[in-house]
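Let me begin by presenting the structure, written as structure tokens, before commenting on it.
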Amino acid sequence: MQKPYKLKPHLCRFMKLYPLDAPEIPKALFEAEQNTPDLSAFPLPLPSLKKDYACSAEGAGGVLWYGAKTGLTRYDPDAERDIDKVMYFSADRDLADNNVKALLADGNNIWVLTDTAVSHIEMKMVDAEEKALILLRESLKYVSRRGMMSQKGLAVPRDLDSIYPYGESDNDGCFTAGFAMAEMFRYATYKREKGESHPDTVEARAVATRAVEACLLLMYIPGRGDGFTARTYLAPDEPVPDGCFFRKEGGKAVCLDKPDARRKGLANVEVNASAEIPERLAKLYREAGVPDDGIVYKSDTSSDEMTLHYLYMNFAYDILVPGDPELGELLKNAVTANMNHIIDHDFTLCDATGKPTTWSKWNTAYFETSTGWADAALNSAEILMYLKVAMKITGEQGRWKEAHDLLLEKGYAELTLKHMNRFYHMNCLQNLNIRDDLMFGDHMLAVAAFWGLIILEDDEEYKKIYREGFKTWRATLEPEHNPGYDFPYILACPDDELNMERIADWFYRNNASRLAAGVSAMGRHDVAVKELRGGGKETSWLLPPDECFISKYDRNPLEYRNEDSGGTRCVESCYVYTFAYWVGRYFGLIE
Amino acid sequence: MDNKIHLIANAHLDPIWLWRWQEGCAEVLQTFRSALDRIKEYPYFIFTCSSASYYRWVEEIDPGMFEEIKQRVKEGRWVPVGGWNVQADCNMPSGESFARQALYSQLYYHKNFGITCQTGYCVDSFGHNGNLPQLLAKGGMFNYVMMRPSVQENPDMPQNTFWWEGTDGSRVLVYRIPTSYAETGIFNLDKKTAFLEERIDKTGHDMALFYGFGNHGGGPSRGDIEFLKSISMREGRAALEFSSPDDYFTDILNTMVDMPVWKDELQHHASGCYSSTSLVKQLNRKAENLLEAAEKFSTIAAVTAGGAPKTAEFEEAYNDVCFNQFHDILCGCSIREAYDDVRDSMGKAMTIGDRAYNAAILQIARRIDTWLPGVSDPVCTEVRHYSHNPDFPRPVVVFNPLSWDIEVPVRTLRGSGEVKGPDGEEALCQHVRSSRSNDSHQDTVFLAKVPAMGYATYWLTDNNSDEEMFTVDSSKPLILENEHIKAEFDEKTGGIKNLVNKEDGRDFAEGGILALPTVIRDEEADTWAHGIFKFHDIKGAMALESIERIEDGPVREAIRIRHKFNESYLEQEFILGKGQKTLRVRCKAMWQEDFTMLKMPFDIGGAEETSTYEIPGGFIKRPCNGEEEPAQRWADITTLDGAGRRGGLAVINDSKYSYDCPETNLRLTMLRNVIFSDHFSFRPGTGFNFTDEGLQRFEYGVYLHTGEVEASDVAREAAQFNIRPAVVPESYHKGAGEPLKKSFFFVDSPNVCVNALKFCEDGSGDIVARIYETKGVPVKAMIKCDMVSAAFWADFQRNEIKTFRIDKDGFAREVNFLEGIV
């Protein structure tokens with residue numbers, strides 16, 4: 001088993017942008033003599049071309065700052081970690097633009113004059129837990145949408161004050177579940193370390209409970225009475241994008257006439273919406289002034305959503321339910337309804353037309369299609385995990401065990417081993433590299449499905465199979481060095497090893513904000529561009545998170561790109577960091 | 001039955017085997033003509049042919065026919081496969097050689113036919129190394145057709161079609177031909193189609209029938225084609241379809257059947273062929289080593305010293321080397337006469353390399369400022385012609401082709417009294433006996449520190465004294481010892497009776513004497529050793545004839561041991577240099593024992609044994625079961641001793657490819673002396689020529705390590721053992737003011753090695769660097785090449801080979817072996 005790794009306080013960058021005429025800017029910045037640095041013997045790769053560096057400044061502790069036409073470089077020859085010796089700061093996340101014209105050191109910090117603005121970059125020591133809490137506060141303040149935690153749009157790039165009050169994500173359930181698990185593990189950690197009644201513990205429990213309630217509400221909000229789960233929901237007055245959205249009114253719900261809904265045969269279809277929403281969950285929107293009538297929920301729910309729902313429910317049952325029997329009942333009812341729905345519909349989640357949603361299919365008929373054949377390994381693990389969670393939460397075996405055993409008879413356990421074989425097979429058929437074709441969001445699903453399945457499986461033979469199945473994902477998971485994947489992996493497969501130094505780099509180099517803006521990774525001189533067979537491009541090394549685009553657990557972090565996955569007008573959920581951190585803390589992998 | 005049998009028309013062509021290459025060339029022309037005629041006669045007929053070398057012959061000798069082929073390729077009637085020069089042996093060429101096989105051949109196919117081959121094709125090669133999936137995929141091939149070993153030889157391997165996963169995780173889809181690559185004759189074809197139908201029933205997917213006269217070419221006859229057509233649509237039977245390997249694999253992929261996955265190498269078929277005919281093995285290794293070093297410095301010289309890129313010259317040289325890696329050539333199982341041709345063409349390749357190397361290092365050296373104020377002026381104006389003068393130091397520039405800094409003994413062919421380094425520091429030096437009898441009989445060996453892929457200038461002051469400057473204290477015990485190793489020799493046997501790794505104190509000879517040359521009886525096997533996988537029948541141990549200390553100085557010590565067996569002898573000079581981690585053994589053997597194999601055993605004892613072998617671009621672990629195993633520059637045995645110390649002994653070599661390891665006894669196969677091209681062991685009369693008779697010169701080394709071998713420095717030690725520094729005697733000049741030492745290319749991680757630095761084949765002037773991970777551990781490495789202002793990072797996964805293409809501004813792209821050209 002991996003020994004706990006001690007994370008120390010580490011430098012973290014904070015940037016504030018000023019217009020060129022802002023009074024806060026020291027005049028010395030405009031008057032400072034700018035000398036072209038001599039970098040001819042520079043010992044390490046530089047992000048910009050040497051000839052593009054035009055100014056420099058020396059900060060505290062012998063740290064050198066170099067300004068170039070293509071961004072700012074910080075050089076600390078004495079940095080403890082290699083990855084920190086050379087840091088790169090670029091537009092739009094750290095600078096307004098990349099043409100650095102003048103620099104003025106300010107202790108550990110730097111004033112940076114570029115064509116269009118001045119950046120003040122502060123380098124502060126922040127410890128890993130403090131970073132998690134800063135990120136949490138940002139998400140609670142800006143990202144939360146009645147407890148759901150995905151992202152929010154901004155009217156003005158990088159201006160948090162311009163945040164839109166609304167905004168939906170296709171995967172609100174999935175992302176909020178990630179957030180909820182992080183907060184449950186935070187609560188459990190505090191409870192263990194500080195005691196149940198400590199204010200931090202109490203606060204953590206409240207945040208975790210609200211997140212779980214927000215997730216659970218998605219399982220109730222359609223009101224169809226058949227266990228169907230929504231992807232997300234909107235208040236009546238919020239703008240509705242393209243997609244399969246149902247507006248609830250008078251105990252019915254009608255699918256809005258949108259292009260995607262028309263394509264899927266759902267437009268104008270009417271379904272039952274009369275099932276009651278439990279008061280405890282309905283409070284989430286009612287207290288925000290949202291009436292029941294007119295609520296719009298999104299259907300065509302995918303296995304992505306369901307998988308994360310089942311995993312958080314498993315941990316909620318362990319962590320929150322012992323002190324909250326009402327929550328236990330809500331979980332039990334939700335699981336029962338949803339699991340019955342899936343079993344009743346031949347292991348699919350069916351939408352209003354009675355046909356399976358696009359991606360929620362776990363039956364052998366789907367596995368025999370060309371798409372399903374490659375998905376079968378992951379989907380088998382998912383459905384087996386759901387059934388294990390259902391047995392645990394409901395405390396019943398009955399129908400769940402019957403279904404579970406039926407799937408085992410059909411070879412579902414063995415199917416979990418076939419991911420790489422089938423995936424590779426399909427890639428070859430399309431003349432692609434596996435990294436060309438991989439849906440990187442599947443990484444989170446695989447982690448969730450196998451982690452849940454392995455911890456819930458008692459039979460050592462099956463556990464061994466599932467571990468092998470999990471390992472078939474390792475070839476593409478490992479290069480990400482993402483503790484959000486690596487920690488569940490090592491907990492499920494303790495015979496393997498992790499590169500904890502690379503993981504520490506990940507924690508240290510994550511920013512303390514999820515404010516999207518984009519970076520200038522493309523064109524970096526210290527990065528080779530890798531061309532994949534299908535035309536995709538990757539960086540030759542895994543950029544530190546603070547120099548890489550921002551995404552959730554759904555993108556290839558090696559992708560050669562500048563744009564954050566949510567665009568420049570966006571603030572993202574903190575769960576990418578907090579999930580990894582609190583899983584690590586709770587299970588003793590980091591301290 | 002929905003599935004079908006793909007009919008793959010081919011003509012297996014051995015360009016050299018029981019004939020010389022001239023006959024092979026003629027055979028290619030005849031076979032190609034025949035195939036084109038069949039294409040004309042039968043509108044459904046498709047012909048498949050591998051090996052770019054054959055197409056090159058046709059292009060040169062019969063341009064008209066070449067144009068016909070181009071047209072047929074365009075029509076899809078002629079399908080080139082196997083994007084290599086030849087169907088190479090797949091164990092002995094280096095990783096870089098496989099890259100070159102693909103590079104030059106795939107670009108040739110692309111230039112002439114507008115395609116690159118999708119399918120690797122080695123239907124007759126005798127074994128397939130565990131890194132081949134990566135080497136194929138990075139050469140643009142994701143399918144592979146092979147046949148050997150047969151099911152009888154390796155029943156564990158999947159039959160028919162399977163995914164083959166290599167040591168780095170790369171995969172190719174493999175068709176293991178279950179019949180033969182050259183089926184012909186009506187009755188036989190009928191029988192084989194029935195056999196393949198059974199396989200279809202078992203597997204649920206298509207099968208392929210490879211038909212046509214082969215080995216000496218030929219291809220499908222009219223009778224075969226017409227017969228197959230006539231039975232192609234039999235009711236209730238599998239349909240037969242005239243097809244190609246590419247189409248076969250596409251159909252397989254469309255089938256959505258779970259194929260078995262094989263995560264090991266594909267061995268063994270001809271276990272004797274990795275040691276037969278040492279000449280061709282030595283030529284191959286020597287050429288690979290030379291071309292790597294020469295091309296690196298040729299590229300550096302062209303970028304930094306105004307030399308012209310020699311892309312075409314290196315292509316010519318590599319094409320010769322790649323051709324001679326054909327399985328029947330490199331495996332030593334062709335006729336004796338063929339090896340005269342091989343020697344000449346490898347000589348040509350090496351001459352190209354030598355000339356380019358010499359020009360390059362002189363171009364670089366002449367730019368160094370070697371001017372010594374107050375010394376150089378009078379020398380240059382008055383006594384320039386007189387280079388032997390004890391009054392002033394003369395510069396010698398040492399070049400290091402490896403991508404890490406080295407500190408090694410370097411030899412110059414003259415006695416010197418004093419040696420100083422580039423920073424004025426004294427360098428350890430000593431005199432050693434020269435190979436000449438002229439002059440003083442003395443050469444100089446000094447300890448040189450040379451930066452990665454760079455040079456260092458040393459100053460040597462002559463010693464013109466006639467007095468012998470080296471002395472040997474013959475009364476000293478027969479021990480060689482430095483900071484890392486202590487080796488004590490046994491006066492009675494000439495073996496090593498103590499071999500201590502000074503890092504942890506373990507004595508690897510605790511269980512018995514090591515390195516006693518052993519003669520193995522090898523009378524039953526043919527040249528390939530068909531059906532024989534172990535060589536354990538000991539004919540006798542060689543007897544000690546003499547043992548003496550021959551060198552005794554601060555840079556190195558040496559002990560010479562001579563063993564005898566009948567009229568044959570083996571002379572070994574064990575040399576241990578200061579600071580060196582490898583005990584070097586220079587061997588001279590005069591071999592006259594027919595039907596024998598000579599092995600050098602190292603039984604280190606202990607428990608939990610693991611044997612590990614270098615394979616092209618990586619390494620592999622194999623059971624210690626005593627089977628003869630192919631390997632490249634090193635093999636290792638690691639065990640746990642009684643004191644709980646885990647460690648091992650690696651045997652490095654400069655020209656060998658075969659080892660075995662019965663339990664804890666790692667044995668280097670030094671030579672194998674059997675009849676040339678002796679296929680069935682039917683040996684009428686006498687007067688045969690033998691593969692390894694006569695004088696042999698080669699070297700091996702012994703490297704000790706603590707822990708697992710892959711975590712040690714063995715990969716670097718083996719590279720250092722094979723690729724030695726080049727030494728240029730220089731003169732005084734101001735040159736271009738270049739410093740006395742310099743590195744041109746550097747990687748910071750001990751896990752990665754640079755094994756190629758070259759110009760891109762498209763003439764863009766971009767340079768290409770090939771770098772691979774050696775320890776099986778993911779690593780982030782810094783790659784720095786100041787001469788093109790390039791410095792970047794790269795993550796390497798386990799055993800991953802990466803190719804970087806760097807433009808004039810130092811921006812890098814990661815490409816495959818085809819350099820981003822296609």
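By convention in this document, the chains of the structure tokens carry letters A, B, ... by their order, each chain's residues are numbered from 1, and ligands are numbered from 1 in the order they are shown.
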Please provide as a list in words all residues within 7 Å of Tyr285 in chain A, with the sequence filter that same-chain residues fewer than 4 positions apart are discarded (counting only C-alpha atoms). Arg146, Gly289 and Val290 of chain A
Pull the closest atom pair for each residue of chain A that gets at most 8 Å from chain B, along with the distance in Å to one decimal, counting only C-alpha atoms, ordering rows by chain and then ascending residue number, as a tab-separated table.
```
residue	atom	partner	partner_atom	distance
A:Leu44	CA	B:Ala791	CA	6.9
A:Pro45	CA	B:Ala791	CA	4.5
A:Leu46	CA	B:Ala791	CA	7.1
A:Ser370	CA	B:Met256	CA	7.6
A:Trp373	CA	B:Met256	CA	7.5
A:Asn421	CA	B:Asp258	CA	7.4
A:Arg422	CA	B:Asp258	CA	7.1
A:His425	CA	B:Leu253	CA	6.4
A:Met426	CA	B:Leu253	CA	7.3
A:Cys428	CA	B:Leu253	CA	7.5
A:Leu429	CA	B:Leu253	CA	5.7
A:Ala475	CA	B:Gly169	CA	7.7
A:Pro479	CA	B:Gln797	CA	7.7
A:His525	CA	B:Phe811	CA	5.8
A:Asp526	CA	B:Phe792	CA	3.9
A:Val527	CA	B:Phe792	CA	5.4
A:Ala528	CA	B:Ala812	CA	4.6
A:Val529	CA	B:Arg813	CA	4.6
A:Lys530	CA	B:Glu814	CA	4.4
A:Glu531	CA	B:Val815	CA	6.4
A:Ser540	CA	B:Ala794	CA	4.8
A:Trp541	CA	B:Ala794	CA	4.6
A:Leu542	CA	B:Asp795	CA	7.2
```
Can you tell me, as a PyMOL selection string, what residues are no more than 8 Å from Tyr164 in chain A when counting only C-alpha atoms, ignoring any on the same chain fewer than 4 positions away? chain A and resi 152-155
Restricting it to N, CA and C atoms, dump the selection as an mmCIF file, in the first residue's frame.
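This is the output file result_12.cif:
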```cif
data_model
loop_
_atom_site.group_PDB
_atom_site.id
_atom_site.type_symbol
_atom_site.label_atom_id
_atom_site.label_comp_id
_atom_site.auth_asym_id
_atom_site.auth_seq_id
_atom_site.Cartn_x
_atom_site.Cartn_y
_atom_site.Cartn_z
ATOM 1 N N LYS A 152 -20.394 28.226 -14.208
ATOM 2 C CA LYS A 152 -21.278 29.370 -14.472
ATOM 3 C C LYS A 152 -20.626 30.228 -15.536
ATOM 4 N N GLY A 153 -21.457 30.842 -16.349
ATOM 5 C CA GLY A 153 -20.939 31.738 -17.381
ATOM 6 C C GLY A 153 -20.750 33.142 -16.856
ATOM 7 N N LEU A 154 -19.884 33.869 -17.545
ATOM 8 C CA LEU A 154 -19.624 35.262 -17.193
ATOM 9 C C LEU A 154 -19.969 36.135 -18.389
ATOM 10 N N ALA A 155 -20.536 37.311 -18.116
ATOM 11 C CA ALA A 155 -20.827 38.244 -19.211
ATOM 12 C C ALA A 155 -19.531 38.853 -19.731
#
```
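Nearest residue to Lys310 in chain B, choosing from B:Arg622, B:Arg355, B:His205, B:Arg285 and counting only C-alpha atoms: B:Arg355.
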Which one is closest to Leu308 in chain A: A:Thr539, A:Asn499, A:Ser56, A:Thr176? Count only C-alpha atoms.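 The closest residue to Leu308 in chain A is A:Thr176.
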Near range 443-445 of chain A, within 10 Å and counting only C-alpha atoms, which residues show up once chain neighbours fewer than 5 positions away are dropped, as a count of residues only? 27
Gap from CA of Pro488 in chain A to CA of Gly452 in chain A - Å, one decimal: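 Going from CA of Pro488 in chain A over to CA of Gly452 in chain A, I get 9.1 Å.
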Leaving out Asn338 in chain A and any residue of its chain fewer than 4 positions from it, which residues lie within 8 Å of it when counting only C-alpha atoms, given as a list in words? Met219, Asp226, Gly227, Phe228, Thr229, Ala334 and Ile342 of chain A
Which value, in Å to one decimal, gives the distance between CA of Thr193 in chain B and CA of Leu13 in chain B?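 CA of Leu13 in chain B lies at a distance of 23.3 Å from CA of Thr193 in chain B.
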Surrounding residues of range 199-212 of chain A excluding itself and chain neighbours under 5 positions, 7 Å, only C-alpha atoms, as a list in words: Gly147, Met148, Thr176, Ala180, Glu183, Met184, Arg186, Tyr187, Tyr190 and Lys191 of chain A
Write a file of the just-selected residues containing C-alpha atoms, as an mmCIF file, in the first residue's frame.
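This went into again04.cif:
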```
data_model
loop_
_atom_site.group_PDB
_atom_site.id
_atom_site.type_symbol
_atom_site.label_atom_id
_atom_site.label_comp_id
_atom_site.auth_asym_id
_atom_site.auth_seq_id
_atom_site.Cartn_x
_atom_site.Cartn_y
_atom_site.Cartn_z
ATOM 1 C CA GLY A 147 -26.602 23.234 -4.890
ATOM 2 C CA MET A 148 -25.542 21.976 -8.320
ATOM 3 C CA THR A 176 -22.133 17.687 -8.618
ATOM 4 C CA ALA A 180 -20.476 15.951 -3.145
ATOM 5 C CA GLU A 183 -17.220 17.332 0.610
ATOM 6 C CA MET A 184 -18.307 14.081 2.207
ATOM 7 C CA ARG A 186 -13.813 16.439 3.913
ATOM 8 C CA TYR A 187 -16.507 16.046 6.502
ATOM 9 C CA TYR A 190 -12.671 16.544 9.929
ATOM 10 C CA LYS A 191 -14.902 14.334 11.995
#
```
Give me every strand (DSSP E) residue in range 70-269 of chain A, going by DSSP on the backbone, as a ChimeraX atom specification. /A:71-75,86-89,100-106,109-114,118-126,151-153,233-234,245-249,252-255
Could you give me the residues within range 222-373 of chain A that DSSP places in alpha helix (DSSP H), as a short mmCIF file (atom, residue, chain, number, x, y, z; two decimals) with N, CA and C atoms, in the first residue's frame?
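Result written to result.cif:
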```cif
data_model
loop_
_atom_site.label_atom_id
_atom_site.label_comp_id
_atom_site.auth_asym_id
_atom_site.auth_seq_id
_atom_site.Cartn_x
_atom_site.Cartn_y
_atom_site.Cartn_z
N PRO A 259 -34.22 21.35 -31.72
CA PRO A 259 -33.68 20.47 -32.78
C PRO A 259 -33.24 19.10 -32.25
N ASP A 260 -32.54 19.10 -31.13
CA ASP A 260 -32.05 17.82 -30.62
C ASP A 260 -33.22 16.91 -30.22
N ALA A 261 -34.23 17.52 -29.61
CA ALA A 261 -35.41 16.75 -29.20
C ALA A 261 -36.13 16.20 -30.42
N ARG A 262 -36.19 16.99 -31.49
CA ARG A 262 -36.85 16.51 -32.72
C ARG A 262 -36.08 15.32 -33.29
N ARG A 263 -34.75 15.46 -33.31
CA ARG A 263 -33.91 14.36 -33.83
C ARG A 263 -34.16 13.07 -33.06
N GLU A 279 -40.13 17.11 0.19
CA GLU A 279 -40.01 18.50 0.63
C GLU A 279 -38.55 18.90 0.90
N ARG A 280 -37.82 17.98 1.51
CA ARG A 280 -36.43 18.31 1.86
C ARG A 280 -35.61 18.64 0.62
N LEU A 281 -35.92 17.97 -0.48
CA LEU A 281 -35.17 18.23 -1.70
C LEU A 281 -35.73 19.43 -2.45
N ALA A 282 -37.06 19.54 -2.43
CA ALA A 282 -37.70 20.64 -3.15
C ALA A 282 -37.29 21.99 -2.57
N LYS A 283 -36.90 21.97 -1.31
CA LYS A 283 -36.47 23.22 -0.68
C LYS A 283 -35.32 23.88 -1.43
N LEU A 284 -34.54 23.05 -2.06
CA LEU A 284 -33.37 23.59 -2.77
C LEU A 284 -33.77 24.64 -3.79
N TYR A 285 -34.92 24.42 -4.44
CA TYR A 285 -35.34 25.44 -5.41
C TYR A 285 -36.43 26.34 -4.85
N ARG A 286 -37.26 25.76 -4.01
CA ARG A 286 -38.34 26.60 -3.48
C ARG A 286 -37.76 27.76 -2.67
N SER A 303 -25.30 7.28 -19.07
CA SER A 303 -24.69 6.43 -18.05
C SER A 303 -23.66 7.21 -17.25
N ASP A 304 -23.11 8.28 -17.83
CA ASP A 304 -22.17 9.12 -17.08
C ASP A 304 -22.83 9.58 -15.78
N GLU A 305 -24.07 10.09 -15.97
CA GLU A 305 -24.80 10.62 -14.81
C GLU A 305 -25.06 9.51 -13.81
N MET A 306 -25.55 8.41 -14.31
CA MET A 306 -25.98 7.36 -13.39
C MET A 306 -24.79 6.79 -12.61
N THR A 307 -23.67 6.67 -13.27
CA THR A 307 -22.51 6.06 -12.61
C THR A 307 -22.05 6.91 -11.43
N LEU A 308 -21.96 8.20 -11.65
CA LEU A 308 -21.53 9.06 -10.54
C LEU A 308 -22.60 9.16 -9.46
N HIS A 309 -23.88 9.10 -9.88
CA HIS A 309 -24.95 9.05 -8.88
C HIS A 309 -24.76 7.85 -7.96
N TYR A 310 -24.55 6.71 -8.53
CA TYR A 310 -24.45 5.51 -7.70
C TYR A 310 -23.22 5.55 -6.80
N LEU A 311 -22.14 6.11 -7.31
CA LEU A 311 -20.94 6.13 -6.46
C LEU A 311 -21.12 7.09 -5.28
N TYR A 312 -21.65 8.30 -5.54
CA TYR A 312 -21.80 9.20 -4.39
C TYR A 312 -22.81 8.63 -3.40
N MET A 313 -23.86 7.96 -3.93
CA MET A 313 -24.87 7.41 -3.01
C MET A 313 -24.24 6.37 -2.09
N ASN A 314 -23.32 5.61 -2.65
CA ASN A 314 -22.62 4.63 -1.83
C ASN A 314 -21.91 5.30 -0.66
N PHE A 315 -21.19 6.38 -0.95
CA PHE A 315 -20.44 7.04 0.13
C PHE A 315 -21.37 7.84 1.05
N ALA A 316 -22.44 8.39 0.48
CA ALA A 316 -23.40 9.12 1.31
C ALA A 316 -24.01 8.17 2.33
N TYR A 317 -24.28 6.97 1.91
CA TYR A 317 -24.85 5.97 2.82
C TYR A 317 -23.88 5.70 3.97
N ASP A 318 -22.61 5.63 3.66
CA ASP A 318 -21.60 5.34 4.70
C ASP A 318 -21.36 6.55 5.59
N ILE A 319 -21.31 7.72 5.00
CA ILE A 319 -20.79 8.88 5.73
C ILE A 319 -21.89 9.75 6.33
N PRO A 325 -31.23 9.68 9.18
CA PRO A 325 -32.04 8.58 8.63
C PRO A 325 -32.97 9.04 7.50
N GLU A 326 -33.39 10.31 7.57
CA GLU A 326 -34.27 10.81 6.51
C GLU A 326 -33.54 10.76 5.16
N LEU A 327 -32.29 11.14 5.19
CA LEU A 327 -31.50 11.07 3.96
C LEU A 327 -31.37 9.63 3.49
N GLY A 328 -31.23 8.74 4.49
CA GLY A 328 -31.15 7.33 4.15
C GLY A 328 -32.39 6.86 3.41
N GLU A 329 -33.55 7.31 3.85
CA GLU A 329 -34.79 6.93 3.17
C GLU A 329 -34.85 7.49 1.76
N LEU A 330 -34.43 8.73 1.63
CA LEU A 330 -34.44 9.35 0.30
C LEU A 330 -33.53 8.59 -0.65
N LEU A 331 -32.37 8.21 -0.14
CA LEU A 331 -31.42 7.45 -0.97
C LEU A 331 -32.03 6.10 -1.35
N LYS A 332 -32.60 5.46 -0.36
CA LYS A 332 -33.16 4.12 -0.57
C LYS A 332 -34.28 4.17 -1.62
N ASN A 333 -35.13 5.16 -1.47
CA ASN A 333 -36.25 5.27 -2.43
C ASN A 333 -35.74 5.57 -3.84
N ALA A 334 -34.77 6.45 -3.89
CA ALA A 334 -34.23 6.82 -5.22
C ALA A 334 -33.59 5.61 -5.88
N VAL A 335 -32.79 4.90 -5.12
CA VAL A 335 -32.10 3.72 -5.68
C VAL A 335 -33.12 2.68 -6.11
N THR A 336 -34.10 2.46 -5.25
CA THR A 336 -35.10 1.43 -5.55
C THR A 336 -35.83 1.76 -6.85
N ALA A 337 -36.27 3.02 -6.95
CA ALA A 337 -37.03 3.40 -8.14
C ALA A 337 -36.15 3.31 -9.39
N ASN A 338 -34.96 3.83 -9.28
CA ASN A 338 -34.10 3.86 -10.47
C ASN A 338 -33.66 2.46 -10.88
N MET A 339 -33.34 1.65 -9.89
CA MET A 339 -32.86 0.29 -10.22
C MET A 339 -33.99 -0.55 -10.81
N ASN A 340 -35.18 -0.36 -10.23
CA ASN A 340 -36.34 -1.07 -10.81
C ASN A 340 -36.56 -0.64 -12.26
N HIS A 341 -36.44 0.67 -12.49
CA HIS A 341 -36.61 1.19 -13.86
C HIS A 341 -35.61 0.49 -14.81
N ILE A 342 -34.38 0.44 -14.39
CA ILE A 342 -33.35 -0.13 -15.27
C ILE A 342 -33.61 -1.61 -15.52
N ILE A 343 -33.98 -2.32 -14.48
CA ILE A 343 -34.23 -3.76 -14.66
C ILE A 343 -35.50 -3.98 -15.49
N ASP A 344 -36.53 -3.18 -15.17
CA ASP A 344 -37.78 -3.33 -15.92
C ASP A 344 -37.61 -3.05 -17.40
N THR A 364 -27.18 -6.72 -23.30
CA THR A 364 -26.38 -7.42 -24.30
C THR A 364 -26.77 -7.00 -25.71
N ALA A 365 -28.03 -6.57 -25.89
CA ALA A 365 -28.42 -6.12 -27.23
C ALA A 365 -27.56 -4.93 -27.65
N TYR A 366 -27.36 -4.02 -26.70
CA TYR A 366 -26.51 -2.86 -27.00
C TYR A 366 -25.06 -3.31 -27.23
N PHE A 367 -24.62 -4.25 -26.44
CA PHE A 367 -23.23 -4.68 -26.55
C PHE A 367 -22.93 -5.34 -27.90
N SER A 370 -22.14 -1.89 -32.91
CA SER A 370 -20.73 -1.52 -33.09
C SER A 370 -20.29 -0.55 -31.99
N THR A 371 -21.14 0.35 -31.55
CA THR A 371 -20.75 1.26 -30.46
C THR A 371 -20.74 0.51 -29.14
N GLY A 372 -21.77 -0.26 -28.92
CA GLY A 372 -21.91 -0.95 -27.65
C GLY A 372 -20.84 -2.01 -27.44
N TRP A 373 -20.35 -2.58 -28.53
CA TRP A 373 -19.33 -3.61 -28.41
C TRP A 373 -18.09 -3.07 -27.70
#
```
To one decimal place in Å, what is the distance between CA of His12 in chain B and CA of Gly217 in chain B? 5.4 Å
Can you tell me which residues surround Leu136 in chain A at a distance of at most 9 Å, considering only C-alpha atoms, apart from same-chain residues fewer than 2 positions away, and format the answer as a list in words?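 Close residues of Leu136 in chain A: Lys131, Ala132, Leu133, Ile134, Glu138, Ser139, Leu140, Lys141, Ser573, Cys574, Tyr575 and Thr578 of chain A.
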